[in-house]
$ cat run_38.cif   # mmCIF, N, CA and C atoms
data_my_file
#
loop_
_atom_site.label_atom_id
_atom_site.label_comp_id
_atom_site.auth_asym_id
_atom_site.auth_seq_id
_atom_site.Cartn_x
_atom_site.Cartn_y
_atom_site.Cartn_z
N MET D 31 -2.50 -18.78 7.89
CA MET D 31 -3.18 -17.65 8.47
C MET D 31 -4.68 -17.85 8.29
N ILE D 32 -5.41 -17.81 9.35
CA ILE D 32 -6.85 -17.98 9.30
C ILE D 32 -7.45 -16.75 8.62
N THR D 33 -8.48 -16.98 7.83
CA THR D 33 -9.10 -15.92 7.04
C THR D 33 -9.48 -14.71 7.89
N ASN D 34 -10.11 -14.94 9.04
CA ASN D 34 -10.52 -13.82 9.90
C ASN D 34 -9.32 -13.03 10.41
N GLU D 35 -8.24 -13.73 10.74
CA GLU D 35 -7.02 -13.06 11.19
C GLU D 35 -6.43 -12.23 10.06
N ARG D 36 -6.42 -12.81 8.88
CA ARG D 36 -5.88 -12.10 7.71
C ARG D 36 -6.72 -10.86 7.41
N ARG D 37 -8.03 -11.00 7.47
CA ARG D 37 -8.90 -9.86 7.21
C ARG D 37 -8.65 -8.76 8.23
N ARG D 38 -8.53 -9.14 9.49
CA ARG D 38 -8.27 -8.18 10.57
C ARG D 38 -6.92 -7.48 10.32
N ALA D 39 -5.90 -8.23 9.93
CA ALA D 39 -4.59 -7.65 9.63
C ALA D 39 -4.67 -6.68 8.45
N LEU D 40 -5.47 -7.05 7.44
CA LEU D 40 -5.63 -6.18 6.28
C LEU D 40 -6.36 -4.89 6.65
N VAL D 41 -7.36 -4.98 7.50
CA VAL D 41 -8.09 -3.78 7.93
C VAL D 41 -7.14 -2.85 8.70
N GLU D 42 -6.31 -3.42 9.56
CA GLU D 42 -5.32 -2.62 10.29
C GLU D 42 -4.32 -1.99 9.33
N LEU D 43 -3.89 -2.76 8.34
CA LEU D 43 -2.95 -2.26 7.34
C LEU D 43 -3.60 -1.15 6.52
N ARG D 44 -4.88 -1.28 6.22
CA ARG D 44 -5.60 -0.24 5.49
C ARG D 44 -5.62 1.06 6.30
N ILE D 45 -5.88 0.96 7.60
CA ILE D 45 -5.90 2.14 8.47
C ILE D 45 -4.53 2.81 8.47
N GLU D 46 -3.47 2.01 8.64
CA GLU D 46 -2.11 2.55 8.65
C GLU D 46 -1.78 3.21 7.32
N THR D 47 -2.19 2.60 6.23
CA THR D 47 -1.91 3.14 4.90
C THR D 47 -2.66 4.45 4.69
N LEU D 48 -3.91 4.51 5.11
CA LEU D 48 -4.69 5.75 5.00
C LEU D 48 -4.05 6.86 5.83
N GLU D 49 -3.52 6.52 6.99
CA GLU D 49 -2.83 7.52 7.82
C GLU D 49 -1.57 8.03 7.12
N ARG D 50 -0.83 7.12 6.48
CA ARG D 50 0.36 7.54 5.72
C ARG D 50 -0.04 8.48 4.59
N ILE D 51 -1.10 8.12 3.88
CA ILE D 51 -1.57 8.96 2.77
C ILE D 51 -1.94 10.35 3.27
N GLN D 52 -2.59 10.42 4.42
CA GLN D 52 -2.95 11.72 5.00
C GLN D 52 -1.72 12.56 5.30
N ARG D 53 -0.66 11.90 5.83
CA ARG D 53 0.58 12.64 6.12
C ARG D 53 1.21 13.15 4.83
N TYR D 54 1.21 12.32 3.78
CA TYR D 54 1.78 12.74 2.50
C TYR D 54 0.99 13.91 1.92
N GLU D 55 -0.33 13.82 2.00
CA GLU D 55 -1.17 14.90 1.47
C GLU D 55 -0.98 16.19 2.27
N ALA D 56 -0.80 16.06 3.58
CA ALA D 56 -0.53 17.24 4.41
C ALA D 56 0.77 17.90 3.97
N HIS D 57 1.77 17.08 3.68
CA HIS D 57 3.05 17.60 3.20
C HIS D 57 2.86 18.30 1.86
N GLN D 58 2.07 17.71 0.98
CA GLN D 58 1.86 18.29 -0.34
C GLN D 58 1.14 19.64 -0.24
N HIS D 59 0.19 19.77 0.69
CA HIS D 59 -0.52 21.03 0.86
C HIS D 59 0.40 22.07 1.50
N GLN D 60 1.26 21.61 2.37
CA GLN D 60 2.18 22.49 3.07
C GLN D 60 3.21 23.07 2.11
N ARG D 61 3.61 22.32 1.12
CA ARG D 61 4.66 22.75 0.20
C ARG D 61 4.16 23.71 -0.86
N SER D 62 2.87 24.01 -0.87
CA SER D 62 2.33 24.84 -1.93
C SER D 62 2.85 26.29 -1.86
N GLY D 63 3.57 26.61 -0.81
CA GLY D 63 4.15 27.95 -0.70
C GLY D 63 5.33 28.11 -1.66
N ALA D 64 5.87 29.29 -1.67
CA ALA D 64 6.99 29.60 -2.57
C ALA D 64 8.24 28.83 -2.15
N LEU D 65 9.06 28.56 -3.15
CA LEU D 65 10.35 27.92 -2.88
C LEU D 65 11.27 28.90 -2.19
N ASP D 66 12.24 28.38 -1.49
CA ASP D 66 13.25 29.19 -0.85
C ASP D 66 13.95 30.03 -1.92
N LYS D 67 14.29 31.26 -1.57
CA LYS D 67 14.96 32.13 -2.54
C LYS D 67 16.37 31.68 -2.84
N ASP D 68 16.97 30.99 -1.91
CA ASP D 68 18.33 30.49 -2.08
C ASP D 68 18.31 29.27 -2.99
N LEU D 69 18.98 29.35 -4.13
CA LEU D 69 18.98 28.25 -5.10
C LEU D 69 19.51 26.96 -4.51
N GLU D 70 20.46 27.05 -3.60
CA GLU D 70 21.01 25.84 -2.98
C GLU D 70 19.98 25.15 -2.10
N GLU D 71 19.04 25.90 -1.57
CA GLU D 71 18.00 25.32 -0.73
C GLU D 71 16.84 24.76 -1.55
N GLN D 72 16.68 25.21 -2.78
CA GLN D 72 15.58 24.75 -3.62
C GLN D 72 15.73 23.29 -4.01
N ALA D 73 16.95 22.86 -4.33
CA ALA D 73 17.17 21.48 -4.78
C ALA D 73 16.71 20.46 -3.73
N PRO D 74 17.12 20.59 -2.46
CA PRO D 74 16.64 19.62 -1.46
C PRO D 74 15.12 19.69 -1.28
N GLN D 75 14.54 20.89 -1.37
CA GLN D 75 13.09 21.02 -1.24
C GLN D 75 12.39 20.26 -2.36
N ILE D 76 12.86 20.46 -3.58
CA ILE D 76 12.24 19.80 -4.74
C ILE D 76 12.43 18.30 -4.65
N GLN D 77 13.64 17.87 -4.27
CA GLN D 77 13.91 16.44 -4.14
C GLN D 77 13.03 15.81 -3.06
N SER D 78 12.87 16.49 -1.95
CA SER D 78 12.01 15.98 -0.88
C SER D 78 10.57 15.87 -1.36
N ASP D 79 10.10 16.87 -2.09
CA ASP D 79 8.73 16.84 -2.62
C ASP D 79 8.55 15.68 -3.59
N ASP D 80 9.54 15.43 -4.43
CA ASP D 80 9.47 14.32 -5.38
C ASP D 80 9.40 12.98 -4.66
N ILE D 81 10.16 12.84 -3.58
CA ILE D 81 10.16 11.60 -2.81
C ILE D 81 8.80 11.39 -2.15
N VAL D 82 8.24 12.45 -1.59
CA VAL D 82 6.92 12.35 -0.95
C VAL D 82 5.87 11.98 -2.00
N ASP D 83 5.98 12.54 -3.20
CA ASP D 83 5.04 12.17 -4.28
C ASP D 83 5.14 10.69 -4.62
N LEU D 84 6.37 10.18 -4.71
CA LEU D 84 6.56 8.75 -4.99
C LEU D 84 5.97 7.88 -3.88
N LEU D 85 6.22 8.26 -2.63
CA LEU D 85 5.69 7.51 -1.50
C LEU D 85 4.17 7.55 -1.48
N ASP D 86 3.59 8.68 -1.83
CA ASP D 86 2.14 8.82 -1.89
C ASP D 86 1.56 7.90 -2.96
N ASN D 87 2.18 7.89 -4.13
CA ASN D 87 1.71 7.00 -5.20
C ASN D 87 1.82 5.54 -4.79
N GLU D 88 2.92 5.19 -4.13
CA GLU D 88 3.11 3.81 -3.67
C GLU D 88 2.05 3.43 -2.63
N ALA D 89 1.75 4.35 -1.73
CA ALA D 89 0.75 4.08 -0.69
C ALA D 89 -0.64 3.91 -1.31
N HIS D 90 -0.97 4.71 -2.31
CA HIS D 90 -2.26 4.55 -2.99
C HIS D 90 -2.35 3.19 -3.70
N ALA D 91 -1.25 2.78 -4.33
CA ALA D 91 -1.24 1.47 -5.00
C ALA D 91 -1.40 0.34 -3.98
N GLU D 92 -0.73 0.47 -2.84
CA GLU D 92 -0.85 -0.53 -1.79
C GLU D 92 -2.27 -0.57 -1.24
N LEU D 93 -2.88 0.60 -1.07
CA LEU D 93 -4.25 0.67 -0.57
C LEU D 93 -5.21 -0.05 -1.53
N THR D 94 -5.00 0.12 -2.81
CA THR D 94 -5.82 -0.56 -3.81
C THR D 94 -5.69 -2.08 -3.66
N GLN D 95 -4.47 -2.56 -3.47
CA GLN D 95 -4.24 -4.00 -3.29
C GLN D 95 -4.90 -4.50 -2.01
N ILE D 96 -4.79 -3.73 -0.95
CA ILE D 96 -5.39 -4.12 0.33
C ILE D 96 -6.91 -4.23 0.19
N GLU D 97 -7.51 -3.21 -0.42
CA GLU D 97 -8.96 -3.22 -0.57
C GLU D 97 -9.42 -4.37 -1.47
N LYS D 98 -8.64 -4.67 -2.50
CA LYS D 98 -8.97 -5.81 -3.38
C LYS D 98 -8.92 -7.12 -2.59
N ALA D 99 -7.89 -7.28 -1.76
CA ALA D 99 -7.75 -8.50 -0.97
C ALA D 99 -8.91 -8.64 0.03
N ILE D 100 -9.30 -7.54 0.66
CA ILE D 100 -10.43 -7.58 1.60
C ILE D 100 -11.70 -7.97 0.86
N SER D 101 -11.92 -7.41 -0.31
CA SER D 101 -13.11 -7.75 -1.10
C SER D 101 -13.12 -9.22 -1.49
N ARG D 102 -11.96 -9.75 -1.84
CA ARG D 102 -11.86 -11.17 -2.20
C ARG D 102 -12.15 -12.06 -0.98
N ILE D 103 -11.68 -11.65 0.19
CA ILE D 103 -11.98 -12.41 1.41
C ILE D 103 -13.48 -12.38 1.66
N ASP D 104 -14.09 -11.21 1.53
CA ASP D 104 -15.53 -11.09 1.75
C ASP D 104 -16.33 -11.92 0.76
N ALA D 105 -15.77 -12.13 -0.45
CA ALA D 105 -16.43 -12.95 -1.47
C ALA D 105 -16.06 -14.43 -1.32
N HIS D 106 -15.33 -14.77 -0.27
CA HIS D 106 -14.93 -16.15 0.05
C HIS D 106 -14.01 -16.77 -1.00
N VAL D 107 -13.20 -15.92 -1.66
CA VAL D 107 -12.20 -16.43 -2.60
C VAL D 107 -10.80 -15.88 -2.27
N GLY D 108 -10.66 -15.31 -1.10
CA GLY D 108 -9.43 -14.63 -0.72
C GLY D 108 -8.21 -15.51 -0.56
N GLU D 109 -8.40 -16.79 -0.36
CA GLU D 109 -7.26 -17.70 -0.17
C GLU D 109 -6.85 -18.36 -1.48
N ARG D 110 -7.55 -18.06 -2.55
CA ARG D 110 -7.28 -18.69 -3.85
C ARG D 110 -6.67 -17.69 -4.81
N CYS D 111 -5.78 -18.18 -5.65
CA CYS D 111 -5.12 -17.37 -6.66
C CYS D 111 -6.16 -16.86 -7.66
N GLU D 112 -6.09 -15.57 -7.97
CA GLU D 112 -7.04 -14.99 -8.91
C GLU D 112 -6.77 -15.42 -10.35
N VAL D 113 -5.61 -16.02 -10.61
CA VAL D 113 -5.28 -16.45 -11.97
C VAL D 113 -5.60 -17.92 -12.18
N CYS D 114 -5.02 -18.79 -11.33
CA CYS D 114 -5.15 -20.23 -11.56
C CYS D 114 -6.18 -20.90 -10.64
N GLY D 115 -6.57 -20.22 -9.57
CA GLY D 115 -7.57 -20.77 -8.66
C GLY D 115 -7.01 -21.68 -7.58
N GLU D 116 -5.72 -21.93 -7.60
CA GLU D 116 -5.10 -22.76 -6.56
C GLU D 116 -5.02 -21.99 -5.25
N VAL D 117 -4.90 -22.70 -4.15
CA VAL D 117 -4.77 -22.07 -2.83
C VAL D 117 -3.41 -21.37 -2.75
N ILE D 118 -3.43 -20.14 -2.25
CA ILE D 118 -2.20 -19.38 -2.08
C ILE D 118 -1.49 -19.89 -0.83
N ASP D 119 -0.19 -20.14 -0.96
CA ASP D 119 0.61 -20.67 0.14
C ASP D 119 0.49 -19.78 1.37
N ILE D 120 0.33 -20.41 2.52
CA ILE D 120 0.16 -19.70 3.79
C ILE D 120 1.34 -18.78 4.08
N HIS D 121 2.55 -19.20 3.72
CA HIS D 121 3.74 -18.39 3.98
C HIS D 121 3.71 -17.11 3.14
N ARG D 122 3.20 -17.22 1.93
CA ARG D 122 3.06 -16.03 1.08
C ARG D 122 2.06 -15.06 1.70
N LEU D 123 0.95 -15.58 2.18
CA LEU D 123 -0.07 -14.73 2.78
C LEU D 123 0.41 -14.08 4.08
N GLN D 124 1.25 -14.79 4.82
CA GLN D 124 1.81 -14.22 6.04
C GLN D 124 2.78 -13.09 5.71
N ALA D 125 3.57 -13.28 4.66
CA ALA D 125 4.54 -12.27 4.27
C ALA D 125 3.89 -11.09 3.56
N LEU D 126 2.86 -11.38 2.78
CA LEU D 126 2.19 -10.37 1.96
C LEU D 126 0.68 -10.57 2.07
N PRO D 127 0.07 -10.06 3.14
CA PRO D 127 -1.34 -10.36 3.41
C PRO D 127 -2.29 -9.97 2.27
N TYR D 128 -1.90 -9.03 1.44
CA TYR D 128 -2.78 -8.62 0.34
C TYR D 128 -2.47 -9.33 -0.97
N ALA D 129 -1.73 -10.43 -0.89
CA ALA D 129 -1.45 -11.23 -2.09
C ALA D 129 -2.75 -11.81 -2.64
N THR D 130 -2.90 -11.75 -3.95
CA THR D 130 -4.07 -12.32 -4.61
C THR D 130 -3.66 -13.36 -5.65
N ARG D 131 -2.36 -13.61 -5.71
CA ARG D 131 -1.84 -14.61 -6.65
C ARG D 131 -0.89 -15.55 -5.93
N CYS D 132 -0.87 -16.80 -6.39
CA CYS D 132 0.07 -17.77 -5.81
C CYS D 132 1.49 -17.41 -6.28
N ASN D 133 2.47 -18.07 -5.70
CA ASN D 133 3.87 -17.80 -6.05
C ASN D 133 4.11 -17.97 -7.54
N GLU D 134 3.59 -19.05 -8.09
CA GLU D 134 3.83 -19.35 -9.51
C GLU D 134 3.23 -18.28 -10.43
N CYS D 135 2.01 -17.87 -10.15
CA CYS D 135 1.34 -16.88 -11.01
C CYS D 135 1.87 -15.47 -10.77
N ALA D 136 2.45 -15.22 -9.61
CA ALA D 136 2.99 -13.89 -9.32
C ALA D 136 4.36 -13.67 -9.93
N THR D 137 5.03 -14.76 -10.30
CA THR D 137 6.36 -14.66 -10.89
C THR D 137 6.24 -14.31 -12.36
N PRO D 138 6.89 -13.22 -12.77
CA PRO D 138 6.79 -12.80 -14.19
C PRO D 138 7.44 -13.79 -15.14
#

$ encode --input "run_38.cif" --output "structure tokens"
Amino acid sequence: MITNERRRALVELRIETLERIQRYEAHQHQRSGALDKDLEEQAPQIQSDDIVDLLDNEAHAELTQIEKAISRIDAHVGERCEVCGEVIDIHRLQALPYATRCNECATP
């Protein structure tokens, strides 16, 4: 993946992620009303709210990774592993455009 193409894909992914975050936040503001009086209806409402919270947290974490990858590209080190300095495999970058570590360093 050419650096400019990857950067463009990351910028598009950042826009999509920000849009997702806005939808999650809209849901969170919308739910600030009272719970349904019916106890059977409260459980699905609470569960749905918990899922949206998890998705929001995940989207924020992904946004952080995307912005880090864009910054690394702008600093001309975006194709290199942040740990060992080796070039990150092209297939990894295609699958995970915001990868900042090579396969070996990313494996726990």

$ resolve_selection --input "run_38.cif" --expression "the PyMOL selection byres ((chain D and resi 33-45) around 8)" --output "list in words"
Met31, Ile32, Glu46, Thr47, Leu48, Glu49, Arg50, Ile51, Glu92, Leu93, Ile96, Glu97, Ala99, Ile100, Ile103, Asp104, Gly108, Glu109, Leu123, Pro127 and Tyr128 of chain D

$ atom_distance --input "run_38.cif" --atom1 "atom N of Ala89 in chain D" --atom2 "CA of Thr137 in chain D"
21.6 Å

$ select_by_dssp --input "run_38.cif" --residues "chain D" --states "alpha helix (DSSP H)" --output "VMD selection string"
chain D and resid 33 to 60 69 to 104 120 to 125 133 to 136

$ closest_residue --input "run_38.cif" --among "D:Gln52, D:Ser101, D:Asn133, D:Thr94" --to "Val82 in chain D" --atoms "only C-alpha atoms"
D:Gln52

$ atom_distance --input "run_38.cif" --atom1 "atom C of Val117 in chain D" --atom2 "atom C of Ala91 in chain D"
21.8 Å

$ closest_residue --input "run_38.cif" --among "D:His90, D:Arg122, D:His106, D:Arg53" --to "Ala136 in chain D" --atoms "only C-alpha atoms"
D:Arg122

$ atom_distance --input "run_38.cif" --atom1 "CA of Ala129 in chain D" --atom2 "CA of Ile81 in chain D"
25.6 Å

$ closest_residue --input "run_38.cif" --among "D:Gln58, D:Gln95, D:Asp86, D:Glu134" --to "Glu116 in chain D" --atoms "only C-alpha atoms"
D:Glu134

$ decode --input "run_38.cif" --residues "range 90-107 of chain D" --atoms "N, CA, C and O atoms" --output "mmCIF file, in the first residue's frame"
data_model
loop_
_atom_site.group_PDB
_atom_site.id
_atom_site.type_symbol
_atom_site.label_atom_id
_atom_site.label_comp_id
_atom_site.auth_asym_id
_atom_site.auth_seq_id
_atom_site.Cartn_x
_atom_site.Cartn_y
_atom_site.Cartn_z
ATOM 1 N N HIS D 90 -13.552 5.220 20.254
ATOM 2 C CA HIS D 90 -12.560 6.197 20.710
ATOM 3 C C HIS D 90 -11.146 5.601 20.684
ATOM 4 O O HIS D 90 -10.189 6.288 20.300
ATOM 5 N N ALA D 91 -11.017 4.341 21.087
ATOM 6 C CA ALA D 91 -9.706 3.684 21.050
ATOM 7 C C ALA D 91 -9.216 3.547 19.609
ATOM 8 O O ALA D 91 -8.031 3.782 19.316
ATOM 9 N N GLU D 92 -10.118 3.197 18.701
ATOM 10 C CA GLU D 92 -9.759 3.073 17.293
ATOM 11 C C GLU D 92 -9.353 4.434 16.727
ATOM 12 O O GLU D 92 -8.372 4.539 15.978
ATOM 13 N N LEU D 93 -10.070 5.482 17.108
ATOM 14 C CA LEU D 93 -9.749 6.827 16.643
ATOM 15 C C LEU D 93 -8.344 7.229 17.092
ATOM 16 O O LEU D 93 -7.578 7.804 16.320
ATOM 17 N N THR D 94 -7.994 6.889 18.310
ATOM 18 C CA THR D 94 -6.648 7.177 18.819
ATOM 19 C C THR D 94 -5.593 6.474 17.971
ATOM 20 O O THR D 94 -4.570 7.071 17.611
ATOM 21 N N GLN D 95 -5.835 5.212 17.631
ATOM 22 C CA GLN D 95 -4.896 4.458 16.798
ATOM 23 C C GLN D 95 -4.789 5.066 15.400
ATOM 24 O O GLN D 95 -3.697 5.151 14.832
ATOM 25 N N ILE D 96 -5.913 5.466 14.846
ATOM 26 C CA ILE D 96 -5.924 6.064 13.509
ATOM 27 C C ILE D 96 -5.111 7.357 13.505
ATOM 28 O O ILE D 96 -4.270 7.576 12.627
ATOM 29 N N GLU D 97 -5.369 8.206 14.495
ATOM 30 C CA GLU D 97 -4.652 9.482 14.556
ATOM 31 C C GLU D 97 -3.149 9.273 14.775
ATOM 32 O O GLU D 97 -2.332 9.995 14.204
ATOM 33 N N LYS D 98 -2.799 8.276 15.566
ATOM 34 C CA LYS D 98 -1.379 7.957 15.781
ATOM 35 C C LYS D 98 -0.735 7.517 14.467
ATOM 36 O O LYS D 98 0.378 7.949 14.126
ATOM 37 N N ALA D 99 -1.428 6.669 13.713
ATOM 38 C CA ALA D 99 -0.893 6.184 12.440
ATOM 39 C C ALA D 99 -0.727 7.339 11.445
ATOM 40 O O ALA D 99 0.284 7.410 10.732
ATOM 41 N N ILE D 100 -1.694 8.248 11.402
ATOM 42 C CA ILE D 100 -1.592 9.405 10.503
ATOM 43 C C ILE D 100 -0.394 10.264 10.906
ATOM 44 O O ILE D 100 0.377 10.709 10.047
ATOM 45 N N SER D 101 -0.213 10.489 12.182
ATOM 46 C CA SER D 101 0.927 11.282 12.665
ATOM 47 C C SER D 101 2.250 10.628 12.296
ATOM 48 O O SER D 101 3.203 11.305 11.898
ATOM 49 N N ARG D 102 2.313 9.304 12.402
ATOM 50 C CA ARG D 102 3.532 8.580 12.047
ATOM 51 C C ARG D 102 3.809 8.688 10.546
ATOM 52 O O ARG D 102 4.965 8.830 10.137
ATOM 53 N N ILE D 103 2.759 8.638 9.735
ATOM 54 C CA ILE D 103 2.937 8.809 8.288
ATOM 55 C C ILE D 103 3.466 10.210 8.010
ATOM 56 O O ILE D 103 4.403 10.384 7.221
ATOM 57 N N ASP D 104 2.875 11.205 8.654
ATOM 58 C CA ASP D 104 3.309 12.591 8.449
ATOM 59 C C ASP D 104 4.755 12.802 8.888
ATOM 60 O O ASP D 104 5.455 13.659 8.343
ATOM 61 N N ALA D 105 5.212 12.000 9.868
ATOM 62 C CA ALA D 105 6.598 12.085 10.342
ATOM 63 C C ALA D 105 7.527 11.184 9.520
ATOM 64 O O ALA D 105 8.704 11.029 9.859
ATOM 65 N N HIS D 106 6.998 10.571 8.470
ATOM 66 C CA HIS D 106 7.757 9.710 7.550
ATOM 67 C C HIS D 106 8.307 8.448 8.220
ATOM 68 O O HIS D 106 9.348 7.926 7.813
ATOM 69 N N VAL D 107 7.587 7.955 9.237
ATOM 70 C CA VAL D 107 7.968 6.682 9.870
ATOM 71 C C VAL D 107 6.780 5.710 9.912
ATOM 72 O O VAL D 107 6.829 4.693 10.593
#
